[in-house]
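Visitor: Sharing a structure, written as structure tokens. Questions coming.
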Amino acid sequence: MPPGTGQLAAAVPAYQPFRWASADFTLGLRSTRLSEWIQFSPRHADNMREKRKRLHDHTASYYRALPESLEAQRELRDRVVAHLATDHGERYSLSGALLRSHHESLTWRLDDPAVEPLRQLSDIIEEDFMLLQERHGAMRIVATSNAYSSSGRLVSAVGQTVHWAHIPVPTLTDKLGGRIDRVLSSVHEDTPCERFNWQVTPMATLFFPHDDPHQANANAMHAIRDALAREPGRMGELLFIRVERQTLSRLSDSRAVAFSLHTYSDPLASIGTDPAAAKAMLDLLEGYTEDRWHYSEMDIVREPLLAWLRGVASAA
């Protein structure tokens with residue numbers, strides 16, 4: 001498994017999707033091993049404390065599930081728990097209905113009727129999860145836990161289709177809507193796959209602000225732009241590469257599709273001595289449309305960001 005990252009630190013980012021991504025929206029799916037389904041960062045305990053607090057204090061903003069999703073929730077939780085006990089036995093052990101985390105000295109009763117299975121799972125692992133099932137002739141989002149949300153869209157999309165969740169993303173549904181539907185229908189239980197989203201942001205934290213995260217990111221971008229006008233050499237420390245690893249897998253009994261999200265954040269300086277990485281990011285960003293620049297709010301710092309990348313890339 002590739003090395004994980006915490007909120008601020010990693011010598012090399014765990015994932016660098018800008019090396020292979022396209023300027024146009026693509027699904028970019030690739031196969032992944034079942035043993036690499038759930039991942040851990042060096043700041044796992046800190047991240048989990050913050051995640052649990054967020055879910056506890058603002059449950060309605062970060063968790064929502066339809067009653068008919070309970071069977072799929074239970075299957076997902078049990079499958080993840082089996083994976084943890086089998087592939088991460090140094091971290092977790094399972095005895096009957098009791099799951100124990102050795103690293104955090106915590107236990108969970110899996111037969112607790114007072115907590116929904118997906119909500120309980122959200123307190124155990126760093127991954128967020130969304131469940132999709134066939135309803136009324138279309139794949140619909142039936143449950144979501146999304147504590148790392150940078151938009152709040154996935155939780156509000158419960159009961160809706162993926163197309164509804166993607167409305168704010170410019171041209172995505174027009175270009176890929178049909179293929180997304182085909183992929184969701186064809187995901188196989190024995191062949192999980194992964195894909196990645198990424199952006200550059202001044203927000204170092206994995207947990208974007210509770211109120212209007214898009215606007216908070218834009219406001220932080222404006223503040224960074226002003227700071228960079230005074231001190232352009234601080235680009236590497238003031239901006240962060242935010243990567244979202246997503247996996248798709250089929251649950252065999254409920255036939256639901258489980259969609260996981262694991263968020264990583266590394267300072268832009270982590271590629272400051274890697275001209276090839278900087279060149280890859282530069283080439284990709286120079287191919288972005290105005291809509292895509294604007295959607296990520298990266299347009300606010302476009303010129304200093306591109307200038308910094310050109311400087312690193314030219315050191316090759």
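We label chains A, B, ... in the order they appear in the structure tokens, count residues from 1 in each chain, and number ligands from 1 in the order shown.
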Show which residues sit within 9 Å of segment 34-51 of chain A, as JSON, numbers by chain. Count only C-alpha atoms, and ignore same-chain residues fewer than 3 positions away.

Guide: {"A": [1, 2, 3, 4, 5, 6, 7, 54, 55, 56, 80, 83, 84, 86, 87, 88, 103, 104, 122, 123, 124, 125, 126, 127, 147, 148, 190, 191, 192, 206, 207, 247, 260, 262, 264]}

Visitor: Would you output that residue set with C-alpha atoms, as a CSV table (one decimal), in the first residue's frame?

Guide:
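Result file follows (selection.csv):
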```csv
chain,number,residue,atom,x,y,z
A,1,MET,CA,0.0,0.0,0.0
A,2,PRO,CA,1.3,3.5,-0.8
A,3,PRO,CA,2.3,5.6,2.1
A,4,GLY,CA,-0.6,7.7,3.6
A,5,THR,CA,-0.5,11.3,4.4
A,6,GLY,CA,-1.8,13.5,7.1
A,7,GLN,CA,-3.0,17.0,7.1
A,54,ARG,CA,-17.7,16.6,13.2
A,55,LEU,CA,-20.1,13.7,12.7
A,56,HIS,CA,-21.4,14.0,16.3
A,80,VAL,CA,-15.2,-3.6,5.8
A,83,HIS,CA,-11.3,-6.7,5.6
A,84,LEU,CA,-9.9,-4.9,8.7
A,86,THR,CA,-8.0,-10.0,7.8
A,87,ASP,CA,-5.8,-7.4,6.0
A,88,HIS,CA,-5.1,-5.1,8.9
A,103,HIS,CA,-3.9,1.5,17.9
A,104,GLU,CA,-6.7,3.6,19.4
A,122,SER,CA,-17.8,6.2,10.0
A,123,ASP,CA,-16.4,6.2,13.5
A,124,ILE,CA,-14.0,3.3,12.8
A,125,ILE,CA,-12.2,4.2,9.5
A,126,GLU,CA,-10.9,7.4,7.8
A,127,GLU,CA,-12.8,6.6,4.5
A,147,ALA,CA,-17.2,14.2,6.8
A,148,TYR,CA,-14.4,15.4,4.5
A,190,ASP,CA,-14.6,-9.3,-7.4
A,191,THR,CA,-13.0,-6.4,-9.3
A,192,PRO,CA,-13.0,-3.2,-7.3
A,206,LEU,CA,-8.8,17.7,5.5
A,207,PHE,CA,-11.9,19.1,7.1
A,247,THR,CA,-13.2,3.3,-4.9
A,260,SER,CA,-15.5,5.2,-0.8
A,262,HIS,CA,-10.3,8.9,1.3
A,264,TYR,CA,-5.2,13.3,1.4
```

Visitor: Check segment 231-281 of chain A with DSSP on the backbone and list each residue it calls strand (DSSP E), as JSON, numbers by chain.

Guide: {"A": [240, 241, 242, 243, 244, 245, 246, 247, 248, 249, 250, 257, 258, 259, 260, 261, 262, 263, 264, 265, 266, 267]}

Visitor: Suppose we keep N, CA and C atoms; can you now write the selection as a PDB file, in the first residue's frame?

Guide:
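Final output, saved to selection_9.pdb:
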```pdb
ATOM      1  N   PHE A 240      -1.730  23.734  -0.970  1.00  0.00           N
ATOM      2  CA  PHE A 240      -1.727  22.317  -0.667  1.00  0.00           C
ATOM      3  C   PHE A 240      -2.378  21.527  -1.800  1.00  0.00           C
ATOM      4  N   ILE A 241      -1.848  20.348  -2.034  1.00  0.00           N
ATOM      5  CA  ILE A 241      -2.410  19.435  -3.030  1.00  0.00           C
ATOM      6  C   ILE A 241      -3.414  18.540  -2.313  1.00  0.00           C
ATOM      7  N   ARG A 242      -4.681  18.703  -2.633  1.00  0.00           N
ATOM      8  CA  ARG A 242      -5.751  17.911  -2.011  1.00  0.00           C
ATOM      9  C   ARG A 242      -6.182  16.827  -3.006  1.00  0.00           C
ATOM     10  N   VAL A 243      -6.023  15.585  -2.614  1.00  0.00           N
ATOM     11  CA  VAL A 243      -6.345  14.447  -3.479  1.00  0.00           C
ATOM     12  C   VAL A 243      -7.424  13.609  -2.818  1.00  0.00           C
ATOM     13  N   GLU A 244      -8.383  13.189  -3.613  1.00  0.00           N
ATOM     14  CA  GLU A 244      -9.460  12.333  -3.126  1.00  0.00           C
ATOM     15  C   GLU A 244      -9.391  11.002  -3.867  1.00  0.00           C
ATOM     16  N   ARG A 245      -9.051   9.943  -3.144  1.00  0.00           N
ATOM     17  CA  ARG A 245      -9.069   8.594  -3.729  1.00  0.00           C
ATOM     18  C   ARG A 245     -10.475   8.021  -3.562  1.00  0.00           C
ATOM     19  N   GLN A 246     -11.055   7.587  -4.666  1.00  0.00           N
ATOM     20  CA  GLN A 246     -12.397   7.026  -4.660  1.00  0.00           C
ATOM     21  C   GLN A 246     -12.327   5.574  -5.129  1.00  0.00           C
ATOM     22  N   THR A 247     -13.073   4.687  -4.475  1.00  0.00           N
ATOM     23  CA  THR A 247     -13.156   3.307  -4.938  1.00  0.00           C
ATOM     24  C   THR A 247     -14.612   2.928  -5.178  1.00  0.00           C
ATOM     25  N   LEU A 248     -14.811   2.017  -6.095  1.00  0.00           N
ATOM     26  CA  LEU A 248     -16.138   1.482  -6.412  1.00  0.00           C
ATOM     27  C   LEU A 248     -16.097  -0.026  -6.260  1.00  0.00           C
ATOM     28  N   SER A 249     -17.050  -0.585  -5.532  1.00  0.00           N
ATOM     29  CA  SER A 249     -17.135  -2.036  -5.405  1.00  0.00           C
ATOM     30  C   SER A 249     -18.593  -2.441  -5.241  1.00  0.00           C
ATOM     31  N   ARG A 250     -18.914  -3.654  -5.664  1.00  0.00           N
ATOM     32  CA  ARG A 250     -20.279  -4.175  -5.590  1.00  0.00           C
ATOM     33  C   ARG A 250     -20.436  -5.033  -4.344  1.00  0.00           C
ATOM     34  N   VAL A 257     -23.838  -0.531  -4.763  1.00  0.00           N
ATOM     35  CA  VAL A 257     -22.480  -0.115  -5.104  1.00  0.00           C
ATOM     36  C   VAL A 257     -21.953   0.727  -3.945  1.00  0.00           C
ATOM     37  N   ALA A 258     -20.809   0.339  -3.417  1.00  0.00           N
ATOM     38  CA  ALA A 258     -20.170   1.079  -2.331  1.00  0.00           C
ATOM     39  C   ALA A 258     -19.099   1.984  -2.921  1.00  0.00           C
ATOM     40  N   PHE A 259     -19.224   3.258  -2.653  1.00  0.00           N
ATOM     41  CA  PHE A 259     -18.333   4.285  -3.201  1.00  0.00           C
ATOM     42  C   PHE A 259     -17.594   4.905  -2.031  1.00  0.00           C
ATOM     43  N   SER A 260     -16.273   4.670  -1.961  1.00  0.00           N
ATOM     44  CA  SER A 260     -15.492   5.190  -0.829  1.00  0.00           C
ATOM     45  C   SER A 260     -14.711   6.419  -1.236  1.00  0.00           C
ATOM     46  N   LEU A 261     -14.404   7.269  -0.254  1.00  0.00           N
ATOM     47  CA  LEU A 261     -13.617   8.475  -0.489  1.00  0.00           C
ATOM     48  C   LEU A 261     -12.600   8.614   0.645  1.00  0.00           C
ATOM     49  N   HIS A 262     -11.343   8.684   0.274  1.00  0.00           N
ATOM     50  CA  HIS A 262     -10.280   8.914   1.253  1.00  0.00           C
ATOM     51  C   HIS A 262      -9.518  10.149   0.795  1.00  0.00           C
ATOM     52  N   THR A 263      -9.448  11.153   1.666  1.00  0.00           N
ATOM     53  CA  THR A 263      -8.864  12.441   1.301  1.00  0.00           C
ATOM     54  C   THR A 263      -7.459  12.585   1.870  1.00  0.00           C
ATOM     55  N   TYR A 264      -6.559  13.095   1.036  1.00  0.00           N
ATOM     56  CA  TYR A 264      -5.166  13.333   1.406  1.00  0.00           C
ATOM     57  C   TYR A 264      -4.833  14.801   1.171  1.00  0.00           C
ATOM     58  N   SER A 265      -3.908  15.346   1.953  1.00  0.00           N
ATOM     59  CA  SER A 265      -3.469  16.723   1.768  1.00  0.00           C
ATOM     60  C   SER A 265      -1.971  16.813   2.003  1.00  0.00           C
ATOM     61  N   ASP A 266      -1.264  17.418   1.028  1.00  0.00           N
ATOM     62  CA  ASP A 266       0.184  17.593   1.120  1.00  0.00           C
ATOM     63  C   ASP A 266       0.538  18.999   0.674  1.00  0.00           C
ATOM     64  N   PRO A 267       1.531  19.618   1.293  1.00  0.00           N
ATOM     65  CA  PRO A 267       1.940  20.946   0.842  1.00  0.00           C
ATOM     66  C   PRO A 267       2.439  20.899  -0.593  1.00  0.00           C
TER      67      PRO A 267
END
```

Visitor: Which residues are close to Asp253 of chain A, i.e. within 12 Å by only C-alpha atoms, leaving aside same-chain residues fewer than 6 positions away? Reply as a list of chain:residue names.

Guide: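 With the cut-off at 12 Å, the set is A:Glu71, A:Ala72, A:Gln73, A:Arg74, A:Glu75, A:Leu76, A:Asp78, A:Arg79, A:Gln133, A:Glu189.
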
Visitor: Please, what distance in Å, to one decimal, runs between atom CA of Met281 of chain A and atom CA of Ser314 of chain A?

Guide: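 Straight-line distance from atom CA of Met281 of chain A to atom CA of Ser314 of chain A works out to 13.0 Å.
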
Visitor: When you draw a straight line from atom CA of Asp274 of chain A to atom CA of Met203 of chain A, how long is it in Å?

Guide: 22.1 Å

Visitor: In segment 236-284 of chain A, what's helix (DSSP H, G or I) per DSSP? Answer as a list in words?

Guide: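 DSSP-assigned helix (DSSP H, G or I) residues in segment 236-284 of chain A: Gly236, Glu237, Leu238, Leu268, Ala269, Ser270, Ile271, Pro275, Ala276, Ala277, Ala278, Lys279, Ala280, Met281, Leu282, Asp283 and Leu284 of chain A.
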
Visitor: Could you tell me which of A:Thr201, A:Ala85, A:Ile300, A:Phe196 comes closest to Asp226 of chain A if we count only C-alpha atoms?

Guide: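 Going through A:Thr201, A:Ala85, A:Ile300, A:Phe196 one by one, the smallest distance to Asp226 of chain A is for A:Ile300.
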
Visitor: I want to know what sits within 12 Å of Ala21 of chain A, based on only C-alpha atoms, with residues of the same chain fewer than 6 positions away left out; could you give that as a PyMOL selection string?

Guide: chain A and resi 15+27-29+195-199+280-285+287-288
